[in-house]
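*Asks:* Next up, run-v4.tsv (TSV, C-alpha atoms and all ligand atoms).
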chain	number	residue	atom	x	y	z
A	1	MET	CA	-2.06	-1.05	16.96
A	2	ASP	CA	-1.21	0.37	20.36
A	3	PRO	CA	2.17	2.16	20.08
A	4	ARG	CA	3.05	0.70	23.50
A	5	THR	CA	3.30	-2.68	21.80
A	6	ILE	CA	6.13	-1.30	19.67
A	7	ARG	CA	7.86	0.20	22.67
A	8	ASP	CA	7.65	-3.19	24.43
A	9	ALA	CA	8.91	-5.03	21.35
A	10	PHE	CA	11.85	-2.63	21.16
A	11	ALA	CA	12.73	-3.29	24.80
A	12	ALA	CA	12.47	-7.05	24.31
A	13	ARG	CA	14.64	-6.94	21.19
A	14	PHE	CA	17.36	-4.52	22.26
A	15	GLY	CA	17.25	-4.82	26.05
A	16	ARG	CA	16.78	-1.10	26.57
A	17	VAL	CA	14.12	1.56	26.41
A	18	SER	CA	13.22	3.35	23.18
A	19	GLU	CA	13.37	7.13	23.20
A	20	ILE	CA	10.76	7.78	20.57
A	21	VAL	CA	7.97	5.99	18.67
A	22	ALA	CA	6.46	7.32	15.46
A	23	ARG	CA	3.57	6.15	13.33
A	24	ALA	CA	3.02	6.87	9.64
A	25	PRO	CA	0.05	5.53	7.66
A	26	GLY	CA	-0.10	3.87	4.27
A	27	ARG	CA	-2.51	5.44	1.82
A	28	VAL	CA	-5.15	4.46	-0.63
A	29	ASN	CA	-5.65	6.80	-3.52
A	30	LEU	CA	-9.36	7.34	-4.23
A	31	ILE	CA	-8.64	8.90	-7.62
A	32	GLY	CA	-5.92	10.83	-9.45
A	33	GLU	CA	-3.57	8.06	-10.59
A	34	HIS	CA	-0.29	8.75	-12.37
A	35	THR	CA	-1.11	12.43	-12.25
A	36	ASP	CA	1.28	13.52	-9.48
A	37	TYR	CA	4.42	13.45	-11.63
A	38	ASN	CA	2.47	15.29	-14.33
A	39	ASP	CA	1.85	18.32	-12.09
A	40	GLY	CA	-1.76	17.21	-11.71
A	41	PHE	CA	-4.29	16.48	-8.96
A	42	VAL	CA	-4.62	13.55	-6.56
A	43	LEU	CA	-7.27	12.63	-3.98
A	44	PRO	CA	-5.92	10.01	-1.54
A	45	ILE	CA	-6.86	9.11	2.02
A	46	ALA	CA	-4.56	7.77	4.73
A	47	LEU	CA	-5.24	4.16	5.65
A	48	ALA	CA	-6.10	3.17	9.17
A	49	GLN	CA	-3.09	0.82	8.80
A	50	SER	CA	0.30	2.31	9.69
A	51	THR	CA	3.99	1.61	9.99
A	52	TYR	CA	5.44	2.05	13.47
A	53	VAL	CA	9.08	2.76	14.22
A	54	ALA	CA	10.66	2.86	17.68
A	55	GLY	CA	14.18	4.20	18.06
A	56	ALA	CA	16.99	5.03	20.45
A	57	ARG	CA	20.42	6.58	19.98
A	58	ARG	CA	23.63	4.59	20.17
A	59	ASP	CA	27.07	5.77	21.29
A	60	ASP	CA	28.75	4.69	18.06
A	61	SER	CA	27.93	5.35	14.41
A	62	ILE	CA	26.23	2.05	13.64
A	63	ALA	CA	22.71	1.75	12.24
A	64	ARG	CA	21.04	-1.36	13.65
A	65	VAL	CA	17.54	-2.00	12.36
A	66	PHE	CA	15.14	-4.83	13.14
A	67	SER	CA	12.12	-5.55	10.96
A	68	ALA	CA	9.57	-7.31	13.15
A	69	ASN	CA	7.55	-8.29	10.05
A	70	LEU	CA	10.49	-10.03	8.40
A	71	ASP	CA	12.17	-11.08	11.65
A	72	ASP	CA	15.35	-9.72	10.13
A	73	GLU	CA	18.04	-7.59	11.78
A	74	ARG	CA	20.55	-5.62	9.73
A	75	ARG	CA	23.39	-3.33	10.70
A	76	TRP	CA	25.79	-1.10	8.83
A	77	PRO	CA	28.18	1.77	9.58
A	78	LEU	CA	26.21	4.97	8.98
A	79	ASP	CA	28.54	6.20	6.27
A	80	ASP	CA	28.79	2.84	4.51
A	81	TRP	CA	25.45	1.50	3.31
A	82	THR	CA	25.46	-0.05	-0.15
A	83	ASP	CA	22.55	-1.70	-1.88
A	84	ASP	CA	24.46	-4.72	-3.10
A	85	ARG	CA	25.18	-5.75	0.49
A	86	GLN	CA	21.83	-5.02	2.14
A	87	PRO	CA	18.23	-6.02	1.37
A	88	ARG	CA	15.99	-3.52	-0.35
A	89	TRP	CA	13.92	-2.58	2.71
A	90	THR	CA	17.00	-1.10	4.39
A	91	SER	CA	17.38	1.42	1.52
A	92	TYR	CA	14.48	3.46	2.91
A	93	VAL	CA	16.15	3.73	6.32
A	94	ALA	CA	19.63	4.37	4.95
A	95	GLY	CA	18.33	6.95	2.46
A	96	VAL	CA	16.41	8.95	5.05
A	97	ALA	CA	19.33	8.83	7.50
A	98	ALA	CA	21.84	9.97	4.86
A	99	LEU	CA	19.69	12.81	3.56
A	100	LEU	CA	18.92	14.02	7.08
A	101	ALA	CA	22.64	14.09	7.82
A	102	ARG	CA	23.26	15.95	4.55
A	103	ARG	CA	20.85	18.73	5.57
A	104	GLY	CA	22.73	19.11	8.85
A	105	THR	CA	20.68	16.99	11.25
A	106	GLN	CA	22.91	15.31	13.82
A	107	VAL	CA	22.32	11.67	12.86
A	108	ARG	CA	24.36	9.47	15.19
A	109	GLY	CA	24.19	5.68	15.51
A	110	PHE	CA	20.73	4.31	16.24
A	111	ASP	CA	18.71	1.20	16.98
A	112	LEU	CA	15.34	1.01	15.24
A	113	LEU	CA	12.52	-1.47	15.45
A	114	ILE	CA	10.01	-1.44	12.59
A	115	HIS	CA	6.57	-2.97	12.57
A	116	SER	CA	4.23	-2.38	9.66
A	117	GLU	CA	0.54	-3.09	9.21
A	118	VAL	CA	0.66	-1.86	5.60
A	119	PRO	CA	0.88	-4.70	3.04
A	120	VAL	CA	4.14	-4.49	1.08
A	121	GLY	CA	4.00	-4.25	-2.73
A	122	GLY	CA	0.24	-3.71	-2.73
A	123	GLY	CA	0.19	-0.15	-4.03
A	124	LEU	CA	-0.65	1.18	-0.56
A	125	SER	CA	2.57	3.12	-0.03
A	126	SER	CA	4.27	0.91	2.48
A	127	SER	CA	7.53	2.56	1.41
A	128	ALA	CA	6.37	6.13	2.04
A	129	ALA	CA	4.97	5.07	5.43
A	130	LEU	CA	8.35	3.61	6.36
A	131	GLU	CA	10.30	6.65	5.13
A	132	VAL	CA	8.08	9.10	6.96
A	133	ALA	CA	8.10	7.15	10.24
A	134	VAL	CA	11.90	6.78	10.08
A	135	ALA	CA	12.30	10.50	9.33
A	136	LEU	CA	10.18	11.46	12.34
A	137	VAL	CA	12.15	9.15	14.62
A	138	LEU	CA	15.64	10.11	13.42
A	139	ALA	CA	14.87	13.84	13.46
A	140	GLY	CA	13.32	13.38	16.90
A	141	LEU	CA	16.41	11.54	18.19
A	142	ALA	CA	18.46	14.54	17.02
A	143	GLY	CA	16.11	16.87	18.88
A	144	GLU	CA	14.74	18.38	15.68
A	145	ARG	CA	11.31	18.80	14.16
A	146	LEU	CA	11.28	19.25	10.41
A	147	ALA	CA	8.60	21.23	8.61
A	148	PRO	CA	6.15	18.78	6.99
A	149	VAL	CA	6.97	19.85	3.45
A	150	GLU	CA	10.68	19.41	4.11
A	151	THR	CA	10.01	15.91	5.41
A	152	VAL	CA	7.95	15.12	2.29
A	153	ASP	CA	10.77	16.26	-0.01
A	154	LEU	CA	13.45	14.47	1.96
A	155	CYS	CA	11.55	11.17	2.00
A	156	ARG	CA	10.79	11.44	-1.70
A	157	ALA	CA	14.44	12.17	-2.45
A	158	ALA	CA	15.40	9.08	-0.42
A	159	GLU	CA	13.01	6.99	-2.50
A	160	HIS	CA	14.50	8.39	-5.73
A	161	SER	CA	18.17	8.06	-4.91
A	162	TYR	CA	18.27	5.07	-2.54
A	163	ALA	CA	15.28	2.88	-3.46
A	164	ARG	CA	15.64	4.10	-7.06
A	165	VAL	CA	11.94	4.60	-7.69
A	166	PRO	CA	11.23	7.92	-9.45
A	167	CYS	CA	7.95	8.41	-7.56
A	168	GLY	CA	5.78	11.53	-7.47
A	169	LEU	CA	4.94	13.32	-4.24
A	170	MET	CA	1.47	12.00	-3.43
A	171	ASP	CA	2.42	9.20	-1.06
A	172	GLN	CA	4.68	11.09	1.31
A	173	TYR	CA	2.30	14.06	1.33
A	174	VAL	CA	-0.74	12.12	2.38
A	175	SER	CA	1.14	9.94	4.88
A	176	LEU	CA	2.27	13.10	6.62
A	177	LEU	CA	-0.57	15.56	6.11
A	178	ALA	CA	-3.75	13.46	6.08
A	179	ARG	CA	-6.52	14.28	8.50
A	180	ALA	CA	-8.95	11.68	9.87
A	181	GLY	CA	-12.32	11.56	8.14
A	182	THR	CA	-11.11	13.50	5.10
A	183	ALA	CA	-9.54	12.97	1.70
A	184	LEU	CA	-6.58	15.12	0.69
A	185	LEU	CA	-7.02	17.03	-2.56
A	186	LEU	CA	-3.48	17.95	-3.56
A	187	ASP	CA	-2.44	20.14	-6.47
A	188	CYS	CA	0.94	18.63	-7.26
A	189	ARG	CA	2.12	21.78	-9.06
A	190	SER	CA	1.29	24.52	-6.58
A	191	ARG	CA	1.30	22.06	-3.67
A	192	HIS	CA	-1.85	23.67	-2.44
A	193	TYR	CA	-3.94	21.12	-0.58
A	194	GLU	CA	-7.36	20.89	0.96
A	195	HIS	CA	-8.88	18.37	3.36
A	196	ILE	CA	-12.27	17.40	1.98
A	197	ALA	CA	-14.70	15.65	4.33
A	198	LEU	CA	-15.47	12.09	3.27
A	199	PRO	CA	-19.20	11.81	3.96
A	200	LEU	CA	-19.23	8.01	4.22
A	201	ASP	CA	-22.50	7.84	6.11
A	202	GLY	CA	-23.68	4.27	5.46
A	203	HIS	CA	-20.89	3.62	2.96
A	204	VAL	CA	-17.43	2.09	3.19
A	205	VAL	CA	-14.10	2.35	1.46
A	206	LEU	CA	-12.81	-1.14	0.71
A	207	VAL	CA	-9.33	-2.11	-0.38
A	208	ALA	CA	-9.07	-5.46	-2.13
A	209	ASN	CA	-5.60	-6.89	-2.59
A	210	SER	CA	-5.21	-8.77	-5.88
A	211	GLY	CA	-2.27	-10.69	-4.42
A	212	VAL	CA	-0.22	-9.79	-7.51
A	213	HIS	CA	2.94	-8.20	-6.21
A	214	HIS	CA	3.87	-5.05	-8.06
A	215	GLU	CA	7.37	-3.74	-8.38
A	216	LEU	CA	7.55	-0.12	-9.46
A	217	ALA	CA	11.31	-0.27	-9.90
A	218	ALA	CA	10.87	-2.84	-12.66
A	219	GLY	CA	10.89	-0.06	-15.23
A	220	GLU	CA	7.30	0.33	-16.43
A	221	TYR	CA	6.64	3.18	-14.00
A	222	ALA	CA	9.66	5.14	-15.28
A	223	ARG	CA	8.67	4.30	-18.86
A	224	ARG	CA	5.22	5.85	-18.32
A	225	GLN	CA	6.92	9.03	-17.14
A	226	GLN	CA	9.04	9.12	-20.30
A	227	GLN	CA	5.99	8.57	-22.49
A	228	CYS	CA	4.26	11.49	-20.75
A	229	GLN	CA	7.36	13.62	-21.35
A	230	GLN	CA	7.22	12.77	-25.06
A	231	ALA	CA	3.68	14.10	-25.21
A	232	VAL	CA	4.73	17.21	-23.26
A	233	ALA	CA	7.63	17.80	-25.67
A	234	TYR	CA	5.20	17.79	-28.59
A	235	PHE	CA	2.97	20.45	-27.00
A	236	HIS	CA	5.89	22.45	-25.61
A	237	ALA	CA	7.23	22.85	-29.14
A	238	LEU	CA	3.89	24.43	-30.11
A	239	ASP	CA	3.55	26.53	-26.98
A	240	PRO	CA	6.44	26.92	-24.51
A	241	ARG	CA	3.96	27.59	-21.70
A	242	VAL	CA	3.10	23.87	-21.72
A	243	ARG	CA	5.43	22.43	-19.07
A	244	ALA	CA	3.51	19.30	-18.08
A	245	LEU	CA	0.42	17.35	-19.11
A	246	ARG	CA	-1.37	19.45	-16.53
A	247	ASP	CA	-1.29	22.25	-19.11
A	248	VAL	CA	-2.92	20.21	-21.87
A	249	THR	CA	-6.70	20.38	-22.25
A	250	PRO	CA	-8.80	17.53	-23.71
A	251	GLU	CA	-9.66	19.80	-26.67
A	252	LEU	CA	-6.01	20.53	-27.42
A	253	LEU	CA	-5.17	16.85	-27.24
A	254	ASP	CA	-8.05	15.91	-29.57
A	255	GLU	CA	-6.99	18.57	-32.05
A	256	HIS	CA	-3.42	17.29	-32.28
A	257	ALA	CA	-3.97	13.57	-31.73
A	258	PRO	CA	-3.98	12.70	-35.47
A	259	ARG	CA	-0.43	14.08	-35.81
A	260	MET	CA	0.99	12.48	-32.66
A	261	PRO	CA	2.30	8.95	-32.01
A	262	SER	CA	-0.71	6.92	-30.86
A	263	LEU	CA	1.00	5.71	-27.67
A	264	ALA	CA	1.76	9.27	-26.55
A	265	VAL	CA	-1.88	10.19	-27.27
A	266	ALA	CA	-3.20	7.32	-25.16
A	267	ARG	CA	-0.90	8.10	-22.21
A	268	ALA	CA	-1.70	11.79	-22.37
A	269	ARG	CA	-5.44	11.09	-22.67
A	270	HIS	CA	-5.34	9.15	-19.41
A	271	VAL	CA	-3.57	11.93	-17.53
A	272	VAL	CA	-5.63	14.76	-18.99
A	273	THR	CA	-8.96	13.05	-18.30
A	274	GLU	CA	-7.84	11.75	-14.89
A	275	ASN	CA	-7.13	15.30	-13.76
A	276	GLN	CA	-10.68	16.22	-14.76
A	277	ARG	CA	-12.10	13.18	-12.97
A	278	THR	CA	-10.16	13.99	-9.82
A	279	LEU	CA	-11.47	17.54	-9.65
A	280	ALA	CA	-14.98	16.24	-10.44
A	281	ALA	CA	-14.69	13.69	-7.62
A	282	ALA	CA	-13.66	16.42	-5.18
A	283	THR	CA	-16.68	18.47	-6.24
A	284	ALA	CA	-18.94	15.41	-5.86
A	285	LEU	CA	-17.57	14.76	-2.36
A	286	ARG	CA	-18.27	18.34	-1.37
A	287	ARG	CA	-21.94	17.84	-2.26
A	288	ASN	CA	-22.10	14.35	-0.68
A	289	ASP	CA	-22.68	12.68	-4.03
A	290	LEU	CA	-20.98	9.32	-3.57
A	291	GLU	CA	-22.82	7.81	-6.53
A	292	ALA	CA	-21.03	10.29	-8.77
A	293	VAL	CA	-17.69	9.48	-7.12
A	294	GLY	CA	-18.35	5.79	-7.80
A	295	ARG	CA	-18.95	6.46	-11.51
A	296	LEU	CA	-15.70	8.41	-11.69
A	297	LEU	CA	-13.81	5.49	-10.08
A	298	CYS	CA	-15.14	3.18	-12.81
A	299	ALA	CA	-14.12	5.60	-15.56
A	300	SER	CA	-10.68	5.95	-13.98
A	301	HIS	CA	-10.20	2.19	-14.05
A	302	ARG	CA	-11.10	1.97	-17.73
A	303	SER	CA	-8.64	4.74	-18.50
A	304	LEU	CA	-5.83	3.13	-16.47
A	305	ARG	CA	-6.52	-0.21	-18.16
A	306	ASP	CA	-6.96	0.90	-21.77
A	307	ASP	CA	-5.03	4.15	-22.17
A	308	TYR	CA	-2.32	3.99	-19.52
A	309	GLU	CA	-1.99	0.18	-19.59
A	310	VAL	CA	-0.93	-0.22	-15.97
A	311	SER	CA	-3.52	-2.80	-14.96
A	312	CYS	CA	-3.21	-6.57	-15.30
A	313	ALA	CA	-5.63	-9.46	-15.90
A	314	GLU	CA	-6.03	-10.27	-12.19
A	315	VAL	CA	-6.78	-6.68	-11.18
A	316	ASP	CA	-9.26	-6.33	-14.07
A	317	GLN	CA	-10.99	-9.49	-12.94
A	318	LEU	CA	-11.17	-8.28	-9.35
A	319	VAL	CA	-12.66	-4.96	-10.49
A	320	ALA	CA	-15.19	-6.86	-12.63
A	321	VAL	CA	-16.22	-9.04	-9.65
A	322	LEU	CA	-16.68	-5.94	-7.50
A	323	HIS	CA	-18.64	-4.11	-10.19
A	324	GLY	CA	-20.98	-7.11	-10.39
A	325	VAL	CA	-22.12	-6.76	-6.77
A	326	ASP	CA	-25.19	-4.72	-6.04
A	327	GLY	CA	-24.23	-1.94	-3.66
A	328	VAL	CA	-20.77	-1.31	-5.13
A	329	LEU	CA	-20.74	2.29	-6.34
A	330	GLY	CA	-17.39	2.02	-8.10
A	331	ALA	CA	-14.04	0.25	-8.06
A	332	ARG	CA	-10.67	0.80	-9.67
A	333	LEU	CA	-7.00	-0.03	-9.55
A	334	THR	CA	-5.23	2.12	-6.96
A	335	GLY	CA	-1.54	3.02	-6.71
A	336	GLY	CA	1.19	2.52	-9.27
A	337	GLY	CA	-0.42	-0.57	-10.83
A	338	PHE	CA	0.82	-3.79	-12.48
A	339	GLY	CA	-0.88	-5.66	-9.65
A	340	GLY	CA	-1.52	-4.46	-6.13
A	341	CYS	CA	-4.85	-3.26	-4.82
A	342	VAL	CA	-8.27	-2.17	-5.93
A	343	VAL	CA	-10.19	0.55	-4.10
A	344	ALA	CA	-13.98	0.32	-3.99
A	345	LEU	CA	-16.72	2.51	-2.66
A	346	ALA	CA	-19.74	0.52	-1.48
A	347	ARG	CA	-22.84	0.62	0.65
A	348	ALA	CA	-22.10	-0.75	4.11
A	349	GLU	CA	-24.88	-3.33	3.93
A	350	ALA	CA	-23.27	-4.85	0.81
A	351	VAL	CA	-20.01	-5.78	2.54
A	352	ASP	CA	-20.97	-9.40	3.37
A	353	GLN	CA	-22.10	-10.00	-0.20
A	354	ILE	CA	-18.90	-8.41	-1.54
A	355	GLU	CA	-16.77	-10.66	0.65
A	356	GLU	CA	-18.64	-13.71	-0.57
A	357	GLU	CA	-18.44	-12.75	-4.25
A	358	VAL	CA	-14.75	-11.97	-4.04
A	359	ARG	CA	-14.04	-15.22	-2.16
A	360	THR	CA	-15.84	-17.36	-4.69
A	361	GLY	CA	-15.44	-15.30	-7.87
A	362	TYR	CA	-11.87	-13.98	-7.81
A	363	LYS	CA	-9.43	-16.41	-9.35
A	364	GLY	CA	-6.20	-14.46	-9.76
A	365	GLY	CA	-3.27	-13.55	-7.61
A	366	VAL	CA	-0.07	-15.27	-6.71
A	367	ASP	CA	-1.37	-16.32	-3.33
A	368	SER	CA	-4.87	-16.30	-4.93
A	369	GLN	CA	-6.44	-15.26	-1.63
A	370	CYS	CA	-7.83	-11.79	-2.00
A	371	ARG	CA	-7.80	-9.90	1.25
A	372	LEU	CA	-10.39	-7.22	1.81
A	373	ILE	CA	-9.60	-4.34	4.11
A	374	ARG	CA	-12.31	-1.96	5.23
A	375	THR	CA	-10.70	1.35	6.04
A	376	ASP	CA	-11.63	4.72	7.41
A	377	ALA	CA	-9.77	7.82	6.34
A	378	GLY	CA	-7.13	7.85	9.06
A	379	PRO	CA	-4.96	10.61	10.50
A	380	GLY	CA	-1.51	11.54	9.18
A	381	ALA	CA	1.82	10.58	10.70
A	382	ALA	CA	2.66	11.54	14.27
A	383	ILE	CA	5.14	11.00	17.03
A	384	GLU	CA	3.28	8.76	19.43
A	385	PHE	CA	5.78	8.66	22.30
A	386	PRO	CA	8.33	11.35	22.96
B	1	LIG	C1	3.19	5.29	-6.95
B	1	LIG	C2	4.04	6.53	-6.74
B	1	LIG	C3	3.16	7.78	-6.64
B	1	LIG	C4	2.18	7.86	-7.81
B	1	LIG	C5	1.44	6.53	-7.98
B	1	LIG	C6	0.56	6.52	-9.20
B	1	LIG	O1	2.44	5.05	-5.80
B	1	LIG	O2	4.80	6.42	-5.58
B	1	LIG	O3	3.96	8.94	-6.57
B	1	LIG	O4	2.84	8.23	-8.98
B	1	LIG	O5	2.36	5.44	-8.07
B	1	LIG	O6	-0.48	7.42	-9.06
How does the structure come out when it is put into structure tokens?
Ligand code: GLA
*Replies:*
Amino acid sequence: MDPRTIRDAFAARFGRVSEIVARAPGRVNLIGEHTDYNDGFVLPIALAQSTYVAGARRDDSIARVFSANLDDERRWPLDDWTDDRQPRWTSYVAGVAALLARRGTQVRGFDLLIHSEVPVGGGLSSSAALEVAVALVLAGLAGERLAPVETVDLCRAAEHSYARVPCGLMDQYVSLLARAGTALLLDCRSRHYEHIALPLDGHVVLVANSGVHHELAAGEYARRQQQCQQAVAYFHALDPRVRALRDVTPELLDEHAPRMPSLAVARARHVVTENQRTLAAATALRRNDLEAVGRLLCASHRSLRDDYEVSCAEVDQLVAVLHGVDGVLGARLTGGGFGGCVVALARAEAVDQIEEEVRTGYKGGVDSQCRLIRTDAGPGAAIEFP
């Protein structure tokens, strides 16, 4: 979308000119699922689809926010936002504004207009895109530029304490730090990251939306974190150097599995093997071996489905339909799970056939219409208009 469209929409809505427009992309995680909060590795790309936010200061201390997608305007006094009075989407704005103010940024009243191309509840990080775009605009309105890592931490803290989702740090990182044409290999412990070229060359990344709306706050996501912690506690008691599942090797897990609760073993096995798959996928990308990446995506899906149990019947069916098409190198659930999207790597010439098979073969989903998005690895967030 042309950022000028957002500037014009802001002017039409509020009858004045916006001072700043920011864009922050959603993301699709190629591999490395449920590893970020286990100090592990992730390999996401930024979507070509973004959330745009236009903003201008006000003379009072009122937050007035218009969602163009929902055609919904909300306002609240800056120091008096409460979640029982406002819809959930406002929590991302209120959280970022409050945490910016807490760190000393001069957050005065503001008008914001939000327009998002990122599907909500599809596991594509629409929330991180919104947080990051709002952070860029509000810091910009205060005449400040935050360091990227500070923005990541602030947005993640807003998600924890305002949206009440105990997310890891993958989504905000990639929304902010992605580079076009590359995947971001992030070590979630050291926070070291590397942009790895995505040699698509005759191939495409496809995102297929199952239409099943996921809701991370519903408790299963937090429960997975607790189950991982139980496994960590077991190994920590044996060796205090084990601080996260990142520190557990497949051999160590196999050795102790017979003495551990079977659920903790299954959860840990997913994380431990997913870290290995993620590093293997990065290595495969570096040598342009997309076939190998595709095989790793398939193995990741099986692990998410059987060991981590975050898939659902509709997503499994969608993955099966995709796997059945010649030219699909691999497909798997992406994002937090319990619905949402599937990411697939495929040969470009197979796209028509994939569309046809998904249209006729996929039966699930609340709105039962699976939407396929073909995406490039896009750039990270930016201020589009000063
Ligand atoms: C959600 C969270 C991320 C990550 C994924 C699962 O998207 O926001 O931090 O944990 O789930 O990989």
*Asks:* Can you work out which residues are within 8 Å of ligand LIG 1 (chain B), considering all atoms listed in the file, and then hand them over as a list in words?
*Replies:*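 Every residue with an atom at most 8 Å from ligand LIG 1 (chain B) is listed here: Asn29, Gly32, Glu33, His34, Thr35, Asp36, Tyr37, Val42, Gly123, Leu124, Ser125, Ala128, Val165, Pro166, Cys167, Gly168, Leu169, Met170, Asp171, Leu216, Tyr221, Thr334, Gly335, Gly336 and Gly337 of chain A.
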*Asks:* Applying 10 Å and only C-alpha atoms, which residues near A:Asp111 remain after dropping the ones on its own chain fewer than 2 positions away? List them as a list of chain:residue names.
*Replies:*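 Listed by chain and then number, they are A:Phe10, A:Phe14, A:Ser18, A:Ala54, A:Gly55, A:Ala56, A:Arg57, A:Arg58, A:Ile62, A:Ala63, A:Arg64, A:Val65, A:Phe66, A:Arg75, A:Gly109, A:Leu113.
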*Asks:* Would you list the contacts of A:Pro3 as an NGL selection string, taking every protein, DNA or RNA residue within 10 Å and counting only C-alpha atoms, but skipping same-chain residues closer than 4 positions in sequence?
*Replies:* :A and (7-9 or 21-23 or 52-54 or 383-385)
*Asks:* Please list as number ranges by chain every residue within 9 Å of stretch 88-90 of chain A, counting all atoms listed in the file and excluding residues in the same chain fewer than 6 positions away.
*Replies:* A: 65, 67, 74, 81, 127, 163
*Asks:* Which one is closest to A:Leu70: A:Ala183, A:Leu198, A:Val120, A:Leu146? Count all atoms listed in the file.
*Replies:* A:Val120
*Asks:* Measure the distance from atom CA of A:Ala139 to atom CA of A:Asp59 in Å and round it to one decimal.
*Replies:* 16.6 Å
*Asks:* Using all atoms listed in the file, which residues of stretch 174-276 of chain A come within 6 Å of stretch 285-307 of chain A, and what is the closest atom pair for each, with the distance in Å to one decimal? Give it as a Markdown table, sorted by chain and residue number.
*Replies:*
| residue | atom | partner | partner_atom | distance |
| --- | --- | --- | --- | --- |
| A:Ala266 | CA | A:Asp307 | CA | 4.7 |
| A:Arg267 | CA | A:Asp307 | CA | 5.7 |
| A:His270 | CA | A:Ser303 | CA | 5.6 |
*Asks:* Those selected residues, please, written with C-alpha atoms and delivered as a short mmCIF file (atom, residue, chain, number, x, y, z; two decimals), in the coordinates of the input.
*Replies:*
data_model
loop_
_atom_site.label_atom_id
_atom_site.label_comp_id
_atom_site.auth_asym_id
_atom_site.auth_seq_id
_atom_site.Cartn_x
_atom_site.Cartn_y
_atom_site.Cartn_z
CA ALA A 266 -3.20 7.32 -25.16
CA ARG A 267 -0.90 8.10 -22.21
CA HIS A 270 -5.34 9.15 -19.41
#
*Asks:* Using all atoms listed in the file, which residue out of A:Leu322, A:Ala12, A:Leu185, A:Ser61 lies closest to A:Ala281?
*Replies:*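 For A:Ala281, the nearest of the given residues is A:Leu185.
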